[in-house]
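See structure below.
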Amino acid sequence: RIPPHAARFASYQVCAPTRGVLDFLPLRVSSRYPLGLWERGFDLNLTEQLLILPRLGRLTGRFRDAQRTQQRTQYDAPARTGVFDEEFHRLREFRQGDSRRAIHWRTTARRNELMVREYQEQHDPEWLLVVDLWLPEQTAPEDLERLETAISFVASCCASRARTGRNTGLQLIVCGRQFVSLGEPGQGLSLRDALECLAVARGSPTPETGHLNTMLERCREEAS
């Protein structure tokens with residue numbers, strides 16, 4: 001109630017039941033002055049949307065132990081060096097067989113001899129997260145609960161990766177009502193992009209796989 005020649009401020013809270021897009025409907029302003037004998041009003045078409053991100057959790061020690069075991073195995077292998085590897089290691093003199101693209105021209109001009117950038121192989125593994133959002137034709141509440149648990153787990157993995165400061169080497173593939181592929185090998189994927197993608201992901205009895213088979217076949221060939 002707003003008395004004549006007065007002002008009032010009001011607010012309300014909304015607890016979103018699920019992730020996804022929350023729509024705010026137009027606002028209706030009305031008046032029943034005087035004495036409530038009649039009512040006049042108008043609508044404010046101020047429609048807004050709010051994106052509800054997936055619920056985040058924390059990965060258990062069991063997950064981190066398995067990850068450390070895998071990384072320890074990789075650390076035991078000797079590091080390889082070369083001009084086409086990933087992490088900058090040092091500048092050295094040009095050798096037969098080096099690519100001219102690796103030449104560091106500023107140092108070459110200063111020292112009056114060809115110098116190249118040498119890179120060292122990184123042991124930090126890349127993450128490829130593939131999310132299968134399959135749902136049965138007759139969906140039960142427990143099916144939807146399992147789907148939300150899977151999405152929350154993948155979102156937590158992305159957040160854990162971001163907390164460590166490693167926003168590179170992360171790829172996210174979602175196979176659901178739509179196929180979405182984010183990130184490239186060796187490139188960065190922001191946590192915000194990953195969470196926004198998972199926020200609107202929907203399950204399907206026939207998930208879209210896009211070019212997933214081609215991508216996995218290429219990874220299998222590279223590994224062999």
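As shown in the structure tokens, the chain order sets the letters A, B, ...; within each chain, residues go from 1, and ligands are also counted from 1 in the order they appear.
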Kindly assemble as a Markdown table a list of the segment 85-176 of chain A residues that lie within 7 Å of segment 207-224 of chain A, each paired with its nearest atom pair and their distance in Å to one decimal, using only C-alpha atoms, sorted first by chain and then by ascending residue number.
| residue | atom | partner | partner_atom | distance |
| --- | --- | --- | --- | --- |
| A:Leu133 | CA | A:Pro207 | CA | 6.6 |
| A:Trp134 | CA | A:Pro207 | CA | 6.0 |
| A:Cys175 | CA | A:Glu208 | CA | 5.3 |
| A:Gly176 | CA | A:Pro207 | CA | 4.3 |
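For Arg111 of chain A, the residues within 12 Å (counting only C-alpha atoms, excluding itself and residues fewer than 6 positions away along the chain) are Leu91, Arg92, Glu93, His104 and Trp105 of chain A.
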Among the residues of segment 27-221 of chain A, find those DSSP assigns to strand (DSSP E) from the backbone and print them as a count of residues only.
46
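For the set A:Gln138, A:Ile151, A:Leu114, A:Gly169, the residue with the smallest atom-to-atom gap to Glu126 of chain A is A:Gly169, counting only C-alpha atoms.
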Find the spatial neighbours of Ile52 of chain A, counting only C-alpha atoms, within a cut-off of 10 Å - ignore same-chain residues fewer than 5 positions away - and output them as a PyMOL selection string.
chain A and resi 16-22+195-196+199-200
Give me, as number ranges by chain, the residues of segment 7-191 of chain A that a backbone DSSP run labels helix (DSSP H, G or I).
A: 61-76, 100-102, 105-111, 141-163, 191
So which one's closest to Asp23 of chain A, A:Leu37, A:Leu51, A:Val180, A:Ile2? Using only C-alpha atoms, please.
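Answer, going by the shortest atom-to-atom distance: A:Leu51.
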Distance in Å - atom CA of Gln171 of chain A versus atom CA of Leu189 of chain A
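Calculated distance between atom CA of Gln171 of chain A and atom CA of Leu189 of chain A is 7.0 Å.
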Gap from atom CA of Pro205 of chain A to atom CA of Thr149 of chain A - Å, one decimal:
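Spanning atom CA of Pro205 of chain A to atom CA of Thr149 of chain A is a straight-line distance of 17.5 Å.
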Considering only C-alpha atoms, state which residue in the set A:Leu147, A:Phe94, A:Asp193, A:Arg64 is at the smallest distance from Thr108 of chain A.
A:Phe94
Residue nearest Gly97 of chain A - candidates A:Val116, A:Ala7, A:Cys15, A:Ala109, atoms counted: only C-alpha atoms:
A:Val116
Env of Arg1 of chain A: 12 Å cut, atoms = only C-alpha atoms, seq-sep filter 3 positions within chain, self excluded. Answer as a ChimeraX atom specification.
/A:4,6-10,29-33,36
Using N, CA and C atoms, can you write the selected residues to a file as a compact mmCIF listing (two decimals), in the first residue's frame?
# COMPACT_ATOMS: atom_id res chain seq x y z
N PRO A 4 -1.02 8.52 -0.54
CA PRO A 4 -0.82 9.65 -1.46
C PRO A 4 0.44 10.46 -1.13
N ALA A 6 3.48 9.71 -1.31
CA ALA A 6 4.47 8.93 -0.55
C ALA A 6 5.19 7.96 -1.49
N ALA A 7 6.24 7.39 -1.00
CA ALA A 7 7.02 6.41 -1.77
C ALA A 7 7.32 5.20 -0.91
N ARG A 8 7.35 4.03 -1.53
CA ARG A 8 7.66 2.79 -0.83
C ARG A 8 8.63 1.98 -1.68
N PHE A 9 9.49 1.24 -1.00
CA PHE A 9 10.43 0.35 -1.68
C PHE A 9 10.16 -1.08 -1.21
N ALA A 10 10.14 -2.01 -2.14
CA ALA A 10 9.86 -3.40 -1.81
C ALA A 10 10.79 -4.30 -2.62
N VAL A 29 1.48 -2.63 -12.41
CA VAL A 29 1.31 -1.55 -11.44
C VAL A 29 -0.16 -1.11 -11.47
N SER A 30 -0.81 -1.12 -10.29
CA SER A 30 -2.24 -0.76 -10.25
C SER A 30 -2.53 0.10 -9.03
N SER A 31 -3.65 0.81 -9.10
CA SER A 31 -4.09 1.68 -8.01
C SER A 31 -5.60 1.53 -7.81
N ARG A 32 -6.01 1.49 -6.53
CA ARG A 32 -7.43 1.42 -6.18
C ARG A 32 -7.85 2.65 -5.39
N TYR A 33 -7.22 3.76 -5.67
CA TYR A 33 -7.54 5.01 -4.95
C TYR A 33 -8.63 5.73 -5.73
N GLY A 36 -10.81 2.29 -2.84
CA GLY A 36 -10.94 1.00 -3.50
C GLY A 36 -12.19 0.85 -4.34
